[in-house]
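File shown: final.cif. Contents: mmCIF, C-alpha atoms and all ligand atoms.
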data_work
#
loop_
_atom_site.group_PDB
_atom_site.id
_atom_site.type_symbol
_atom_site.label_atom_id
_atom_site.label_comp_id
_atom_site.auth_asym_id
_atom_site.auth_seq_id
_atom_site.Cartn_x
_atom_site.Cartn_y
_atom_site.Cartn_z
ATOM 1 C CA GLN A 1 146.856 102.415 127.585
ATOM 2 C CA LEU A 2 145.298 102.459 131.047
ATOM 3 C CA ALA A 3 146.032 100.407 134.144
ATOM 4 C CA TYR A 4 143.943 99.786 137.236
ATOM 5 C CA VAL A 5 145.704 100.788 140.446
ATOM 6 C CA ALA A 6 143.861 100.376 143.739
ATOM 7 C CA GLY A 7 140.478 101.508 142.469
ATOM 8 C CA ARG A 8 141.529 104.018 139.783
ATOM 9 C CA LEU A 9 142.286 103.880 136.086
ATOM 10 C CA VAL A 10 145.569 105.640 135.361
ATOM 11 C CA PRO A 11 147.838 105.888 132.304
ATOM 12 C CA LEU A 12 149.980 102.756 132.212
ATOM 13 C CA ARG A 13 153.213 104.774 132.080
ATOM 14 C CA ASP A 14 152.286 106.472 135.377
ATOM 15 C CA ALA A 15 150.912 103.351 137.070
ATOM 16 C CA HIS A 16 152.848 102.542 140.226
ATOM 17 C CA VAL A 17 152.563 101.130 143.711
ATOM 18 C CA HIS A 18 154.171 102.496 146.858
ATOM 19 C CA VAL A 19 157.818 101.667 147.596
ATOM 20 C CA GLU A 20 156.654 100.080 150.852
ATOM 21 C CA ASP A 21 154.084 97.861 149.170
ATOM 22 C CA ARG A 22 154.617 94.374 150.573
ATOM 23 C CA GLY A 23 154.434 92.929 147.091
ATOM 24 C CA LEU A 24 157.588 94.837 146.255
ATOM 25 C CA GLN A 25 159.436 94.247 149.536
ATOM 26 C CA PHE A 26 158.485 90.645 150.329
ATOM 27 C CA ALA A 27 156.746 89.254 147.227
ATOM 28 C CA ASP A 28 153.854 89.118 149.712
ATOM 29 C CA ALA A 29 151.416 89.073 146.822
ATOM 30 C CA LEU A 30 149.343 86.834 144.587
ATOM 31 C CA TYR A 31 148.789 87.227 140.871
ATOM 32 C CA GLU A 32 146.778 85.859 137.983
ATOM 33 C CA VAL A 33 147.243 86.021 134.224
ATOM 34 C CA ALA A 34 144.021 85.525 132.286
ATOM 35 C CA ALA A 35 143.568 85.332 128.530
ATOM 36 C CA VAL A 36 141.320 87.835 126.804
ATOM 37 C CA MET A 37 140.405 86.463 123.405
ATOM 38 C CA ASN A 38 138.034 88.118 121.016
ATOM 39 C CA GLY A 39 137.400 90.629 123.819
ATOM 40 C CA ARG A 40 136.154 87.903 126.166
ATOM 41 C CA MET A 41 137.724 86.434 129.276
ATOM 42 C CA LEU A 42 138.755 82.780 129.067
ATOM 43 C CA ASP A 43 138.201 80.594 132.166
ATOM 44 C CA TRP A 44 137.477 83.573 134.439
ATOM 45 C CA ASP A 45 135.951 81.416 137.177
ATOM 46 C CA GLY A 46 139.060 79.265 137.387
ATOM 47 C CA HIS A 47 141.315 82.286 137.846
ATOM 48 C CA LEU A 48 139.003 83.809 140.421
ATOM 49 C CA THR A 49 138.782 80.572 142.412
ATOM 50 C CA ARG A 50 142.571 80.195 142.430
ATOM 51 C CA LEU A 51 143.036 83.801 143.573
ATOM 52 C CA ARG A 52 140.512 83.351 146.398
ATOM 53 C CA ARG A 53 142.190 80.117 147.465
ATOM 54 C CA GLY A 54 145.525 81.928 147.593
ATOM 55 C CA CYS A 55 144.011 84.714 149.700
ATOM 56 C CA ALA A 56 142.645 82.175 152.165
ATOM 57 C CA ALA A 57 145.956 80.301 152.402
ATOM 58 C CA LEU A 58 147.968 83.489 152.940
ATOM 59 C CA PHE A 59 145.383 85.285 155.128
ATOM 60 C CA ILE A 60 145.061 88.170 152.670
ATOM 61 C CA GLU A 61 141.729 89.807 153.433
ATOM 62 C CA PHE A 62 140.481 90.858 150.021
ATOM 63 C CA SER A 63 137.027 92.313 150.436
ATOM 64 C CA MET A 64 136.092 93.071 146.816
ATOM 65 C CA SER A 65 133.144 90.976 145.630
ATOM 66 C CA ASP A 66 133.428 88.561 142.702
ATOM 67 C CA ALA A 67 131.026 90.735 140.725
ATOM 68 C CA ALA A 68 132.992 93.928 141.394
ATOM 69 C CA LEU A 69 136.293 92.303 140.465
ATOM 70 C CA LEU A 70 134.894 90.993 137.195
ATOM 71 C CA ALA A 71 133.348 94.380 136.436
ATOM 72 C CA GLN A 72 136.656 96.203 137.054
ATOM 73 C CA ALA A 73 138.570 93.692 134.955
ATOM 74 C CA GLN A 74 136.072 93.926 132.107
ATOM 75 C CA ARG A 75 136.092 97.716 132.226
ATOM 76 C CA LEU A 76 139.888 97.739 131.990
ATOM 77 C CA VAL A 77 139.801 95.354 129.028
ATOM 78 C CA ALA A 78 137.129 97.473 127.335
ATOM 79 C CA VAL A 79 138.864 100.854 127.782
ATOM 80 C CA ASN A 80 142.099 99.444 126.392
ATOM 81 C CA GLY A 81 140.243 98.147 123.365
ATOM 82 C CA HIS A 82 142.251 94.970 122.827
ATOM 83 C CA ARG A 83 140.591 91.930 121.306
ATOM 84 C CA ASP A 84 143.435 89.557 122.176
ATOM 85 C CA ALA A 85 145.347 90.349 125.335
ATOM 86 C CA LEU A 86 146.658 89.148 128.658
ATOM 87 C CA LEU A 87 145.032 90.528 131.785
ATOM 88 C CA TYR A 88 147.485 90.676 134.703
ATOM 89 C CA MET A 89 146.071 90.998 138.205
ATOM 90 C CA GLN A 90 148.240 91.385 141.274
ATOM 91 C CA LEU A 91 147.011 91.508 144.830
ATOM 92 C CA SER A 92 149.492 92.308 147.592
ATOM 93 C CA ARG A 93 148.897 92.332 151.324
ATOM 94 C CA GLY A 94 149.146 96.123 151.156
ATOM 95 C CA THR A 95 151.468 98.980 152.039
ATOM 96 C CA ALA A 96 153.021 99.320 155.483
ATOM 97 C CA ARG A 97 156.294 100.145 157.234
ATOM 98 C CA ARG A 98 158.641 97.248 156.534
ATOM 99 C CA ASP A 99 158.208 94.429 159.057
ATOM 100 C CA HIS A 100 157.996 90.730 158.278
ATOM 101 C CA GLY A 101 154.876 90.104 160.367
ATOM 102 C CA PHE A 102 151.512 91.056 158.937
ATOM 103 C CA PRO A 103 150.658 94.757 159.302
ATOM 104 C CA LEU A 104 147.642 95.460 161.474
ATOM 105 C CA HIS A 105 145.961 98.030 159.301
ATOM 106 C CA ALA A 106 147.121 97.571 155.726
ATOM 107 C CA ARG A 107 144.518 96.999 153.018
ATOM 108 C CA PRO A 108 145.373 94.770 150.071
ATOM 109 C CA THR A 109 146.600 96.537 146.940
ATOM 110 C CA LEU A 110 145.014 95.379 143.671
ATOM 111 C CA VAL A 111 146.630 96.358 140.392
ATOM 112 C CA MET A 112 145.691 95.205 136.890
ATOM 113 C CA THR A 113 147.188 95.710 133.454
ATOM 114 C CA VAL A 114 146.097 94.531 130.018
ATOM 115 C CA ARG A 115 148.647 93.997 127.278
ATOM 116 C CA ARG A 116 147.985 92.965 123.706
ATOM 117 C CA PHE A 117 148.957 89.352 123.043
ATOM 118 C CA ASP A 118 149.242 87.414 119.810
ATOM 119 C CA PHE A 119 147.731 83.986 120.476
ATOM 120 C CA ALA A 120 147.965 83.134 116.771
ATOM 121 C CA GLN A 121 151.753 82.749 117.094
ATOM 122 C CA ARG A 122 151.027 79.587 119.059
ATOM 123 C CA ILE A 123 149.465 77.899 116.033
ATOM 124 C CA GLY A 124 152.786 77.876 114.184
ATOM 125 C CA GLN A 125 154.694 76.787 117.278
ATOM 126 C CA GLN A 126 152.164 74.015 117.742
ATOM 127 C CA ALA A 127 152.855 72.723 114.249
ATOM 128 C CA ARG A 128 156.639 72.795 114.755
ATOM 129 C CA GLY A 129 156.817 71.838 118.426
ATOM 130 C CA VAL A 130 159.129 73.459 120.966
ATOM 131 C CA GLY A 131 162.243 72.506 122.876
ATOM 132 C CA VAL A 132 162.700 72.522 126.627
ATOM 133 C CA ILE A 133 165.767 72.316 128.812
ATOM 134 C CA THR A 134 165.882 70.982 132.354
ATOM 135 C CA VAL A 135 166.928 72.864 135.471
ATOM 136 C CA ASN A 136 166.929 72.015 139.175
ATOM 137 C CA ASP A 137 163.708 72.991 140.913
ATOM 138 C CA MET A 138 164.997 75.361 143.563
ATOM 139 C CA ARG A 139 161.667 77.002 144.410
ATOM 140 C CA TRP A 140 160.069 77.092 147.842
ATOM 141 C CA GLN A 141 157.693 74.359 149.009
ATOM 142 C CA ARG A 142 154.324 76.050 148.366
ATOM 143 C CA VAL A 143 154.428 76.732 144.657
ATOM 144 C CA ASP A 144 150.773 75.735 144.455
ATOM 145 C CA LEU A 145 150.176 79.311 145.641
ATOM 146 C CA LYS A 146 150.489 81.752 142.764
ATOM 147 C CA THR A 147 152.701 84.280 144.499
ATOM 148 C CA THR A 148 154.862 86.866 142.780
ATOM 149 C CA GLY A 149 158.016 85.298 144.260
ATOM 150 C CA LEU A 150 159.152 84.002 140.867
ATOM 151 C CA LEU A 151 162.922 84.380 140.867
ATOM 152 C CA ALA A 152 163.597 80.662 140.365
ATOM 153 C CA ASN A 153 161.078 80.651 137.498
ATOM 154 C CA VAL A 154 162.696 83.743 135.998
ATOM 155 C CA LEU A 155 166.135 82.113 136.077
ATOM 156 C CA ALA A 156 164.744 78.897 134.568
ATOM 157 C CA LYS A 157 163.174 80.831 131.698
ATOM 158 C CA GLN A 158 166.329 82.811 131.126
ATOM 159 C CA ASP A 159 168.412 79.617 130.996
ATOM 160 C CA ALA A 160 165.921 78.274 128.466
ATOM 161 C CA ARG A 161 166.117 81.409 126.307
ATOM 162 C CA ALA A 162 169.898 81.364 126.433
ATOM 163 C CA ALA A 163 169.772 77.748 125.185
ATOM 164 C CA GLY A 164 167.306 78.618 122.427
ATOM 165 C CA ALA A 165 164.565 76.624 124.181
ATOM 166 C CA PHE A 166 160.971 77.632 124.873
ATOM 167 C CA GLU A 167 160.808 76.536 128.495
ATOM 168 C CA GLY A 168 162.813 75.267 131.445
ATOM 169 C CA TRP A 169 161.432 72.112 133.037
ATOM 170 C CA LEU A 170 161.936 72.102 136.797
ATOM 171 C CA VAL A 171 163.245 68.767 138.031
ATOM 172 C CA SER A 172 163.219 67.701 141.699
ATOM 173 C CA ALA A 173 166.229 66.247 143.495
ATOM 174 C CA ASP A 174 164.562 62.827 142.972
ATOM 175 C CA GLY A 175 164.532 63.314 139.212
ATOM 176 C CA ASP A 176 160.816 64.056 138.883
ATOM 177 C CA VAL A 177 159.738 66.590 136.281
ATOM 178 C CA ARG A 178 157.400 68.906 138.157
ATOM 179 C CA GLU A 179 156.414 71.590 135.686
ATOM 180 C CA GLY A 180 157.886 74.341 133.557
ATOM 181 C CA GLY A 181 158.884 77.801 134.722
ATOM 182 C CA SER A 182 155.486 79.109 133.617
ATOM 183 C CA THR A 183 153.753 76.052 132.150
ATOM 184 C CA ASN A 184 152.548 72.601 133.238
ATOM 185 C CA ALA A 185 154.295 69.521 131.836
ATOM 186 C CA TYR A 186 153.009 66.213 130.434
ATOM 187 C CA ILE A 187 154.235 63.111 128.678
ATOM 188 C CA VAL A 188 152.316 60.620 126.551
ATOM 189 C CA ARG A 189 153.001 56.904 126.702
ATOM 190 C CA ASP A 190 150.932 54.340 124.764
ATOM 191 C CA GLY A 191 148.159 56.900 124.330
ATOM 192 C CA THR A 192 148.005 57.746 128.056
ATOM 193 C CA ILE A 193 148.675 61.262 129.317
ATOM 194 C CA ILE A 194 150.880 61.390 132.406
ATOM 195 C CA THR A 195 151.283 64.556 134.471
ATOM 196 C CA HIS A 196 152.464 65.463 137.967
ATOM 197 C CA PRO A 197 149.568 65.284 140.457
ATOM 198 C CA LEU A 198 148.330 68.440 142.150
ATOM 199 C CA SER A 199 150.471 69.033 145.219
ATOM 200 C CA ALA A 200 152.461 71.772 146.902
ATOM 201 C CA HIS A 201 155.130 71.251 144.208
ATOM 202 C CA ILE A 202 153.219 72.435 141.146
ATOM 203 C CA LEU A 203 150.912 75.276 140.250
ATOM 204 C CA PRO A 204 147.345 74.081 139.631
ATOM 205 C CA GLY A 205 147.238 75.467 136.101
ATOM 206 C CA ILE A 206 143.947 76.584 134.649
ATOM 207 C CA ALA A 207 144.988 75.260 131.239
ATOM 208 C CA ARG A 208 145.983 71.999 132.952
ATOM 209 C CA ALA A 209 142.510 71.599 134.441
ATOM 210 C CA THR A 210 140.939 72.297 131.061
ATOM 211 C CA LEU A 211 143.211 69.868 129.235
ATOM 212 C CA LEU A 212 142.603 67.016 131.680
ATOM 213 C CA ARG A 213 138.838 67.573 131.585
ATOM 214 C CA LEU A 214 138.762 67.626 127.780
ATOM 215 C CA ALA A 215 141.003 64.562 127.536
ATOM 216 C CA ARG A 216 138.873 62.527 129.948
ATOM 217 C CA ASP A 217 135.688 63.606 128.163
ATOM 218 C CA ALA A 218 137.281 62.326 124.943
ATOM 219 C CA GLN A 219 138.045 58.935 126.603
ATOM 220 C CA ILE A 220 141.791 59.589 126.624
ATOM 221 C CA THR A 221 143.338 58.063 129.764
ATOM 222 C CA VAL A 222 144.944 60.530 132.156
ATOM 223 C CA VAL A 223 147.226 59.422 134.982
ATOM 224 C CA GLU A 224 148.257 62.029 137.544
ATOM 225 C CA ARG A 225 151.543 60.807 138.956
ATOM 226 C CA PRO A 226 155.118 62.092 139.016
ATOM 227 C CA PHE A 227 157.236 61.137 136.007
ATOM 228 C CA THR A 228 160.996 61.233 135.764
ATOM 229 C CA LEU A 229 163.225 62.904 133.261
ATOM 230 C CA ASP A 230 164.277 59.451 132.012
ATOM 231 C CA GLU A 231 160.626 58.554 131.402
ATOM 232 C CA ALA A 232 160.132 61.798 129.553
ATOM 233 C CA LEU A 233 163.099 61.074 127.318
ATOM 234 C CA ALA A 234 161.654 57.621 126.567
ATOM 235 C CA ALA A 235 158.071 58.865 126.055
ATOM 236 C CA ASP A 236 156.163 58.843 122.781
ATOM 237 C CA GLU A 237 155.260 62.508 123.108
ATOM 238 C CA ALA A 238 155.553 65.397 125.538
ATOM 239 C CA LEU A 239 153.482 68.559 125.935
ATOM 240 C CA LEU A 240 153.107 71.745 127.896
ATOM 241 C CA THR A 241 150.155 74.010 128.668
ATOM 242 C CA SER A 242 149.472 77.441 130.108
ATOM 243 C CA THR A 243 147.123 80.360 129.715
ATOM 244 C CA THR A 244 149.537 81.921 127.229
ATOM 245 C CA ALA A 245 150.378 78.645 125.420
ATOM 246 C CA PRO A 246 147.175 76.549 125.460
ATOM 247 C CA LEU A 247 148.926 73.444 124.137
ATOM 248 C CA LEU A 248 152.397 73.000 122.685
ATOM 249 C CA PRO A 249 154.109 69.732 121.753
ATOM 250 C CA VAL A 250 157.573 69.377 123.304
ATOM 251 C CA VAL A 251 159.832 67.808 120.687
ATOM 252 C CA THR A 252 163.215 68.046 122.389
ATOM 253 C CA ILE A 253 164.414 67.875 125.998
ATOM 254 C CA ASP A 254 167.951 69.144 126.581
ATOM 255 C CA GLY A 255 168.466 68.867 122.839
ATOM 256 C CA ARG A 256 167.452 65.198 122.708
ATOM 257 C CA PRO A 257 164.392 64.227 120.648
ATOM 258 C CA VAL A 258 161.164 63.078 122.302
ATOM 259 C CA GLY A 259 159.740 60.163 120.289
ATOM 260 C CA ASP A 260 160.670 60.848 116.696
ATOM 261 C CA GLY A 261 161.363 64.501 117.465
ATOM 262 C CA ALA A 262 158.214 65.813 115.788
ATOM 263 C CA PRO A 263 154.747 66.733 117.140
ATOM 264 C CA GLY A 264 152.728 63.541 117.634
ATOM 265 C CA PRO A 265 149.116 62.483 117.088
ATOM 266 C CA VAL A 266 147.987 62.779 120.722
ATOM 267 C CA ALA A 267 149.256 66.366 120.899
ATOM 268 C CA ALA A 268 147.441 67.172 117.671
ATOM 269 C CA ARG A 269 144.211 65.672 118.956
ATOM 270 C CA LEU A 270 144.472 67.485 122.296
ATOM 271 C CA ALA A 271 145.293 70.766 120.582
ATOM 272 C CA ALA A 272 142.130 70.443 118.493
ATOM 273 C CA LEU A 273 140.085 69.856 121.659
ATOM 274 C CA VAL A 274 141.692 72.814 123.429
ATOM 275 C CA TRP A 275 141.160 75.271 120.559
ATOM 276 C CA ASP A 276 137.556 74.069 120.192
ATOM 277 C CA GLU A 277 136.980 74.840 123.860
ATOM 278 C CA ILE A 278 138.547 78.301 123.441
ATOM 279 C CA ALA A 279 136.259 78.911 120.460
ATOM 280 C CA ARG A 280 133.259 77.752 122.466
ATOM 281 C CA GLN A 281 134.042 80.169 125.311
ATOM 282 C CA THR A 282 135.236 83.188 123.363
ATOM 283 C CA GLY A 283 134.370 82.748 119.696
ATOM 284 C CA TRP A 284 138.110 83.105 118.882
HETATM 285 N N1 LIG A 301 153.163 76.526 136.275
HETATM 286 C C1 LIG A 301 153.714 77.702 136.620
HETATM 287 C C2 LIG A 301 154.892 77.705 137.526
HETATM 288 C C3 LIG A 301 153.177 78.897 136.115
HETATM 289 O O1 LIG A 301 153.721 80.072 136.457
HETATM 290 C C4 LIG A 301 152.078 78.843 135.227
HETATM 291 C C5 LIG A 301 151.507 80.089 134.614
HETATM 292 N N2 LIG A 301 150.994 80.967 135.556
HETATM 293 C C6 LIG A 301 151.533 77.601 134.906
HETATM 294 C C7 LIG A 301 152.093 76.457 135.446
HETATM 295 C C8 LIG A 301 150.332 77.482 134.017
HETATM 296 O O2 LIG A 301 149.189 77.951 134.686
HETATM 297 P P1 LIG A 301 147.920 78.447 133.878
HETATM 298 O O3 LIG A 301 147.463 77.316 133.035
HETATM 299 O O4 LIG A 301 146.942 78.805 134.943
HETATM 300 O O5 LIG A 301 148.362 79.634 133.069
#
Take the structure from the file and write it as structure tokens.
Amino acid sequence: QLAYVAGRLVPLRDAHVHVEDRGLQFADALYEVAAVMNGRMLDWDGHLTRLRRGCAALFIEFSMSDAALLAQAQRLVAVNGHRDALLYMQLSRGTARRDHGFPLHARPTLVMTVRRFDFAQRIGQQARGVGVITVNDMRWQRVDLKTTGLLANVLAKQDARAAGAFEGWLVSADGDVREGGSTNAYIVRDGTIITHPLSAHILPGIARATLLRLARDAQITVVERPFTLDEALAADEALLTSTTAPLLPVVTIDGRPVGDGAPGPVAARLAALVWDEIARQTGW
């Protein structure tokens, strides 16, 4: 098992960053999680574009070219020999004596790991559906940036686990369901997919973009607007997506059934579209 640390491949167990890395001290860092399926990268361009957008928004001067980054990522995937895995990339502002303001001379620190991942487990979960619980969204106001400051997401997921649920849905003070702790959220009403619009309050998920594109191509109506928890409880179906869970039906919210409490036809149709797209890109 090898990891990439600032330009070098090192054994994963010895892979570390400096104690004064700003990622560690301030969560002054961006990250991406990309799926490797059948040895191939899924939606690489989407991840790269999101990372570059984050760099621009946070003034992180990351000088590595797109081609070099892809080459390093592919080399790491290849040397680890996994067919199905998650590639984790983290880019911090760099290492410097602790001071809130940007350091003058630090260079960004890029680290990458690849860990085996069983995507097939999602097929069974898709057939059964998953439960979510709701928690207050107590994150900061720029969660469209994929920073490593994930404590609110961590607590939401832990609450969900403790309740035997798959995910915690983050609900605003106004009662809007924004997204899950690590997934985007959707409801289905009369055959229409409803999901929170892109804004500073949700992460622009790569799986979200794929799902909405596939749905529209299949003439399924998509409406991007906030929806409330009450609407979700009254919906026909609910769903979630992410890189690690391409499409899962949500069958309970806080223990209450959505629709008839079983995966519905729109979820099944969307799941077929999503897995077809994955097969097209990766042969999985
Ligand atoms: N929302 C949040 C808060 C997330 O952390 C993630 C996963 N990174 C997602 C949504 C899903 O994003 P993606 O489809 O790019 O994995």
Find the spatial neighbours of range 44-53 of chain A, counting only C-alpha atoms, within a cut-off of 8 Å - ignore same-chain residues fewer than 6 positions away - and output them as a PyMOL selection string. chain A and resi 30-34+66+146+206
Could you check how far CA of Gly124 in chain A sits from CA of Gln219 in chain A, in Å to one decimal?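 One can read the CA of Gly124 in chain A to CA of Gln219 in chain A distance as 27.0 Å.
Put simply, CA of Ala127 in chain A is 25.9 Å away from CA of Asn153 in chain A.
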For a cutoff of 9 Å around the file-coordinate point (143.4, 95.4, 129.6), which residues qualify once you count all atoms listed in the file? I'd like the result as a ChimeraX atom specification. /A:1-4,36,73-82,85-88,112-116
What does the PyMOL selection byres (((not hetatm)) within 7 of (chain A and resi 301)) select in this file, as number ranges by chain? A: 32-33, 153, 179-184, 202-208, 241-244
Nearest to Asp43 in chain A, chosen from A:Pro103, A:Pro197, A:Gly23, A:Pro246, with all atoms listed in the file counted in the distances: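 Of the candidates, the smallest distance to Asp43 in chain A is held by A:Pro246.
Closest to Gln126 in chain A among A:Ala262, A:Ala29, A:Ala279, A:Ala57 is A:Ala262, based on all atoms listed in the file.
Interatomic distance, CA of Val132 in chain A against CA of Thr192 in chain A: 20.9 Å.
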Report the centre and edge lengths, in Å to one decimal, of an axis-aligned box enclosing every atom of range 103-120 of chain A listed in the file, padded by 6 Å on each side, as lines of an AutoDock Vina configuration file.
center_x = 147.6
center_y = 90.6
center_z = 139.1
size_x = 18.1
size_y = 26.9
size_z = 56.7
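Shortest separation to Ile123 in chain A among A:Leu42, A:Ala245, A:Ile278, A:Ile187 occurs at residue A:Ala245, atoms counted being all atoms listed in the file.
Evaluated against the shown file, the PyMOL selection byres (((chain A and resi 212) around 10) and not hetatm) gives Ile193, Thr195, Ala207, Arg208, Ala209, Thr210, Leu211, Arg213, Leu214, Ala215, Arg216, Asp217, Ala218, Ile220, Thr221, Val222, Val223, Glu224 and Leu270 of chain A.
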Distance criterion (only C-alpha atoms): nearest to Val19 in chain A out of A:Arg122, A:Arg98, A:Arg83, A:Arg40: A:Arg98
Determine the residue membership of the PyMOL selection byres (((chain A and resi 7) around 9) and not hetatm) for the file above and supply it as a PyMOL selection string. chain A and resi 4-6+8-9+72+110-111
Do you know which residues are at most 12 Å from Asp174 in chain A counting all atoms listed in the file, after dropping those on the same chain fewer than 4 positions away, and could you put them as a PyMOL selection string? chain A and resi 136-137+170+178+226-230
Reconstruct range 221-236 of chain A at the level of N, CA and C atoms, and format the result as a tab-separated table (two decimals), keeping the file's coordinate frame.
chain	number	residue	atom	x	y	z
A	221	THR	N	142.98	58.36	128.37
A	221	THR	CA	143.34	58.06	129.76
A	221	THR	C	144.34	59.08	130.29
A	222	VAL	N	144.06	59.57	131.50
A	222	VAL	CA	144.94	60.53	132.16
A	222	VAL	C	145.40	59.91	133.47
A	223	VAL	N	146.70	59.90	133.70
A	223	VAL	CA	147.23	59.42	134.98
A	223	VAL	C	148.00	60.57	135.62
A	224	GLU	N	147.56	60.96	136.83
A	224	GLU	CA	148.26	62.03	137.54
A	224	GLU	C	149.22	61.40	138.53
A	225	ARG	N	150.48	61.34	138.11
A	225	ARG	CA	151.54	60.81	138.96
A	225	ARG	C	152.85	61.47	138.53
A	226	PRO	N	153.83	61.52	139.43
A	226	PRO	CA	155.12	62.09	139.02
A	226	PRO	C	155.75	61.23	137.92
A	227	PHE	N	156.45	61.89	137.00
A	227	PHE	CA	157.24	61.14	136.01
A	227	PHE	C	158.66	61.69	136.02
A	228	THR	N	159.59	60.82	135.69
A	228	THR	CA	161.00	61.23	135.76
A	228	THR	C	161.47	61.77	134.42
A	229	LEU	N	162.61	62.41	134.49
A	229	LEU	CA	163.22	62.90	133.26
A	229	LEU	C	163.53	61.74	132.31
A	230	ASP	N	163.99	60.62	132.86
A	230	ASP	CA	164.28	59.45	132.01
A	230	ASP	C	163.02	58.96	131.29
A	231	GLU	N	161.89	58.94	132.04
A	231	GLU	CA	160.63	58.55	131.40
A	231	GLU	C	160.24	59.52	130.29
A	232	ALA	N	160.49	60.79	130.57
A	232	ALA	CA	160.13	61.80	129.55
A	232	ALA	C	160.96	61.59	128.29
A	233	LEU	N	162.23	61.27	128.48
A	233	LEU	CA	163.10	61.07	127.32
A	233	LEU	C	162.71	59.82	126.54
A	234	ALA	N	162.07	58.86	127.22
A	234	ALA	CA	161.65	57.62	126.57
A	234	ALA	C	160.19	57.66	126.12
A	235	ALA	N	159.51	58.79	126.35
A	235	ALA	CA	158.07	58.86	126.06
A	235	ALA	C	157.82	58.95	124.55
A	236	ASP	N	156.54	58.70	124.19
A	236	ASP	CA	156.16	58.84	122.78
A	236	ASP	C	156.05	60.32	122.40
